>>> print(open('model_23.cif').read())   # mmCIF, C-alpha atoms
data_model
#
loop_
_atom_site.label_atom_id
_atom_site.label_comp_id
_atom_site.auth_asym_id
_atom_site.auth_seq_id
_atom_site.Cartn_x
_atom_site.Cartn_y
_atom_site.Cartn_z
CA MET A 1 -28.29 45.38 -13.44
CA ASP A 2 -29.64 46.77 -16.66
CA LEU A 3 -33.22 47.80 -17.30
CA GLN A 4 -34.07 44.73 -19.41
CA ALA A 5 -32.90 42.30 -16.68
CA ALA A 6 -34.90 44.23 -14.07
CA ALA A 7 -37.99 44.09 -16.27
CA ILE A 8 -37.63 40.31 -16.54
CA ALA A 9 -36.92 39.79 -12.82
CA LEU A 10 -39.67 42.02 -11.47
CA PRO A 11 -42.62 39.70 -12.32
CA ALA A 12 -40.73 36.72 -10.88
CA VAL A 13 -40.14 38.60 -7.62
CA GLY A 14 -43.79 39.63 -7.55
CA TRP A 15 -44.97 36.05 -8.00
CA ALA A 16 -42.58 34.83 -5.30
CA VAL A 17 -43.90 37.40 -2.81
CA HIS A 18 -47.50 36.60 -3.75
CA SER A 19 -46.88 32.84 -3.43
CA GLY A 20 -45.38 33.32 0.03
CA PHE A 21 -48.37 35.40 1.08
CA LEU A 22 -50.82 32.75 -0.17
CA ALA A 23 -48.87 29.95 1.52
CA ARG A 24 -49.04 31.78 4.87
CA ARG A 25 -52.78 32.40 4.47
CA LEU A 26 -53.38 28.74 3.64
CA ALA A 27 -51.35 27.59 6.66
CA THR A 28 -53.32 29.97 8.89
CA ALA A 29 -56.62 28.66 7.51
CA ARG A 30 -55.61 25.12 8.45
CA ARG A 31 -55.11 26.06 12.11
CA ASP A 32 -57.75 26.62 14.74
CA PRO A 33 -57.38 30.27 15.78
CA LEU A 34 -58.10 29.57 19.46
CA THR A 35 -55.95 26.50 20.13
CA GLY A 36 -53.41 26.62 17.33
CA LEU A 37 -54.14 22.98 16.52
CA HIS A 38 -54.82 21.78 13.01
CA THR A 39 -58.38 22.07 11.76
CA ARG A 40 -60.24 19.02 10.50
CA ALA A 41 -59.26 19.62 6.86
CA GLY A 42 -55.56 20.06 7.55
CA TRP A 43 -55.44 17.13 9.94
CA THR A 44 -57.40 14.67 7.82
CA ALA A 45 -55.02 14.76 4.87
CA ARG A 46 -51.99 14.26 7.11
CA ALA A 47 -53.67 11.55 9.18
CA GLU A 48 -54.62 9.57 6.09
CA ARG A 49 -51.01 9.63 4.90
CA LEU A 50 -49.77 8.53 8.33
CA ILE A 51 -52.20 5.62 8.43
CA THR A 52 -50.87 4.22 5.16
CA ARG A 53 -47.27 4.55 6.36
CA THR A 54 -47.60 3.38 9.98
CA PRO A 55 -49.91 0.40 10.59
CA ASN A 56 -49.28 0.59 14.36
CA ALA A 57 -50.73 4.09 14.58
CA LEU A 58 -53.30 4.94 17.23
CA VAL A 59 -56.27 7.22 16.53
CA LEU A 60 -57.88 9.06 19.46
CA LEU A 61 -61.14 10.89 19.79
CA LEU A 62 -61.87 12.85 22.93
CA ASP A 63 -64.68 14.97 24.20
CA LEU A 64 -64.65 17.20 27.26
CA ASP A 65 -67.22 16.11 29.82
CA ASP A 66 -69.75 18.67 31.03
CA PHE A 67 -68.04 21.46 29.09
CA LYS A 68 -71.30 23.40 28.76
CA ALA A 69 -71.38 23.77 32.54
CA ILE A 70 -68.02 25.57 32.46
CA ASN A 71 -69.30 28.06 29.89
CA ASP A 72 -72.62 28.50 31.72
CA THR A 73 -71.03 28.94 35.15
CA HIS A 74 -67.82 30.84 34.41
CA GLY A 75 -68.41 32.32 30.94
CA HIS A 76 -67.07 31.63 27.49
CA ALA A 77 -63.67 33.12 28.26
CA ALA A 78 -63.23 30.37 30.87
CA GLY A 79 -64.32 27.81 28.31
CA ASP A 80 -61.70 29.15 25.90
CA VAL A 81 -59.03 28.75 28.57
CA VAL A 82 -60.10 25.12 29.11
CA LEU A 83 -60.05 24.43 25.36
CA THR A 84 -56.59 25.95 25.05
CA ALA A 85 -55.29 23.94 28.01
CA THR A 86 -56.78 20.74 26.59
CA ALA A 87 -55.13 21.41 23.23
CA ALA A 88 -51.76 21.99 24.88
CA ARG A 89 -52.06 18.81 26.97
CA LEU A 90 -53.05 16.69 23.97
CA SER A 91 -50.25 18.15 21.85
CA ALA A 92 -47.71 17.54 24.59
CA TRP A 93 -48.88 13.94 24.91
CA CYS A 94 -48.58 13.38 21.15
CA ASP A 95 -45.19 15.11 21.14
CA ARG A 96 -43.27 14.51 17.92
CA ASP A 97 -44.97 11.21 17.19
CA GLY A 98 -48.42 12.54 16.48
CA ILE A 99 -50.75 15.25 15.30
CA ALA A 100 -53.63 16.69 17.30
CA THR A 101 -56.61 18.64 16.06
CA ARG A 102 -59.67 20.37 17.36
CA LEU A 103 -62.65 19.10 15.43
CA GLY A 104 -64.87 21.83 16.81
CA GLY A 105 -66.56 22.73 20.05
CA ASP A 106 -65.05 20.56 22.76
CA GLU A 107 -64.08 17.65 20.50
CA PHE A 108 -60.49 16.79 19.71
CA THR A 109 -58.77 14.02 17.84
CA ALA A 110 -55.21 12.87 17.34
CA ILE A 111 -53.18 10.26 15.55
CA VAL A 112 -49.98 8.93 17.09
CA THR A 113 -47.63 6.98 14.87
CA HIS A 114 -45.67 5.32 17.68
CA PRO A 115 -47.98 4.89 20.70
CA ASP A 116 -45.22 3.07 22.58
CA ARG A 117 -43.23 6.33 22.67
CA THR A 118 -46.04 8.16 24.51
CA THR A 119 -46.61 8.07 28.25
CA GLY A 120 -49.75 5.96 27.66
CA LEU A 121 -53.47 6.60 27.57
CA ALA A 122 -53.79 6.61 31.36
CA ALA A 123 -51.27 9.45 31.55
CA LEU A 124 -53.20 11.37 28.89
CA THR A 125 -56.44 10.94 30.80
CA ALA A 126 -54.75 12.08 34.01
CA ALA A 127 -53.33 15.15 32.26
CA LEU A 128 -56.74 16.02 30.84
CA ARG A 129 -58.28 15.76 34.33
CA ARG A 130 -55.97 18.32 35.90
CA PRO A 131 -57.92 21.44 36.91
CA VAL A 132 -57.32 24.53 34.80
CA PRO A 133 -56.48 27.80 36.59
CA TYR A 134 -58.77 30.69 35.69
CA ARG A 135 -59.10 34.02 37.50
CA GLY A 136 -58.00 32.73 40.86
CA CYS A 137 -59.96 29.50 40.82
CA LEU A 138 -59.41 26.00 39.49
CA LEU A 139 -61.88 24.81 36.87
CA PRO A 140 -62.63 21.09 37.06
CA VAL A 141 -61.98 19.32 33.76
CA SER A 142 -62.48 15.77 32.60
CA ALA A 143 -62.66 14.07 29.26
CA SER A 144 -63.86 10.83 27.76
CA VAL A 145 -61.27 9.32 25.44
CA GLY A 146 -61.77 6.61 22.85
CA SER A 147 -59.01 5.05 20.79
CA CYS A 148 -58.52 2.68 17.90
CA ARG A 149 -55.35 0.95 16.79
CA ILE A 150 -55.11 0.92 13.02
CA ALA A 151 -53.72 -2.63 13.13
CA ASP A 152 -57.00 -3.82 14.73
CA LEU A 153 -59.10 -2.74 11.75
CA PRO A 154 -59.93 -5.11 8.89
CA VAL A 155 -59.26 -2.26 6.46
CA ALA A 156 -57.06 0.60 7.57
CA THR A 157 -59.07 3.75 6.85
CA LEU A 158 -59.29 6.96 8.81
CA THR A 159 -63.09 6.88 8.65
CA ASP A 160 -63.24 3.42 10.23
CA ALA A 161 -60.63 4.36 12.85
CA LEU A 162 -62.57 7.47 13.86
CA ALA A 163 -65.82 5.49 14.01
CA ALA A 164 -64.21 2.87 16.27
CA ALA A 165 -62.64 5.56 18.49
CA ASP A 166 -66.02 7.32 18.65
CA ALA A 167 -67.74 4.11 19.76
CA ALA A 168 -65.07 3.58 22.42
CA MET A 169 -65.45 7.17 23.61
CA TYR A 170 -69.21 6.79 23.99
CA ALA A 171 -68.68 3.49 25.81
CA ALA A 172 -66.52 5.42 28.28
CA LYS A 173 -69.25 8.04 28.68
CA GLY A 174 -71.91 5.35 29.00
CA HIS A 175 -70.13 3.78 31.93
CA ARG A 176 -70.17 7.22 33.59
CA ARG A 177 -66.45 6.81 34.08
CA ARG A 178 -64.33 9.64 32.86
CA THR A 179 -61.78 7.34 31.42
CA THR A 180 -60.25 5.82 28.33
CA HIS A 181 -61.53 2.92 26.28
CA LEU A 182 -59.83 0.94 23.56
#
>>> encode(input="model_23.cif", output="structure tokens")
Amino acid sequence: MDLQAAAIALPAVGWAVHSGFLARRLATARRDPLTGLHTRAGWTARAERLITRTPNALVLLLDLDDFKAINDTHGHAAGDVVLTATAARLSAWCDRDGIATRLGGDEFTAIVTHPDRTTGLAALTAALRRPVPYRGCLLPVSASVGSCRIADLPVATLTDALAAADAAMYAAKGHRRRTTHL
């Protein structure tokens, strides 16, 4: 390779390396560092695209019940273990047909494009209720889950789906049943 060709190629190589570095940083910024799930920003864009493509999609919103008590009793490290376990259980339930995210704190959401391919909401609730091992003890965990089928909305928007799932989640909490509501 002659000197002139190297001089031309060098900036292109530099830009390629820089672009790869920026792409990795952006991907990292769109992931929750504790759970590895998408953050709200990364999830929202993908969820909105999925809603337009799959009218049978299901949007979930879930909140861990009495999570503060875990942190207060066992410490924040225990709370982190519970959050990580919840993220793993939600991701496993979504499998390849959905995307899960941690909105913040103890709130999670997901969109599943083919709900019929999942094990069902009852199975998700049961998985979320399984105690989480931590330092030789089992931490009790439960969650209230609300859901909304996109097809049930007059206008298919992510905002309306999340609002409906939120209302269903609070209905579950209001009944003092740690369960799932549609």
>>> atom_distance(input="model_23.cif", atom1="atom CA of Ala45 of chain A", atom2="atom CA of Leu64 of chain A")
24.5 Å
>>> atom_distance(input="model_23.cif", atom1="atom CA of Thr157 of chain A", atom2="atom CA of Ala126 of chain A")
28.7 Å
>>> residues_around(input="model_23.cif", residues="Asp166 of chain A", least_positions_apart="4", cutoff="12 Å", atoms="all atoms listed in the file", output="list in words")
Val59, Leu60, Leu61, Leu62, Asp63, Glu107, Phe108, Thr109, Ser144, Val145, Gly146, Ser147, Cys148, Leu158, Thr159, Asp160, Ala161, Leu162, Tyr170, Ala171, Ala172, Lys173, Thr180, His181 and Leu182 of chain A
>>> resolve_selection(input="model_23.cif", expression="the PyMOL selection byres ((chain A and resi 101) around 7)", output="list of chain:residue names")
A:Leu37, A:His38, A:Thr39, A:Arg40, A:Trp43, A:Ile99, A:Ala100, A:Arg102, A:Leu103, A:Phe108, A:Thr109, A:Ala110
>>> atom_distance(input="model_23.cif", atom1="atom CA of Leu128 of chain A", atom2="atom CA of Pro55 of chain A")
26.5 Å
>>> axis_aligned_box(input="model_23.cif", around="segment 128-146 of chain A", padding_each_side="4 Å", output="AutoDock Vina command-line options")
--center_x -59.9 --center_y 20.3 --center_z 31.9 --size_x 15.9 --size_y 35.4 --size_z 26.0
>>> residues_around(input="model_23.cif", residues="segment 83-95 of chain A", least_positions_apart="4", cutoff="10 Å", atoms="only C-alpha atoms", output="ChimeraX atom specification")
/A:34-37,62,64,67,77-79,99-102,105-115,117-121,123-125,127-133,141-143
>>> resolve_selection(input="model_23.cif", expression="the PyMOL selection byres ((chain A and resi 52) around 12)", output="VMD selection string")
chain A and resid 45 to 51 53 to 57 113 150 to 151 155 to 158
>>> closest_residue(input="model_23.cif", among="A:Ile8, A:Leu3, A:Leu138, A:Ala167", to="Val81 of chain A", atoms="only C-alpha atoms")
A:Leu138
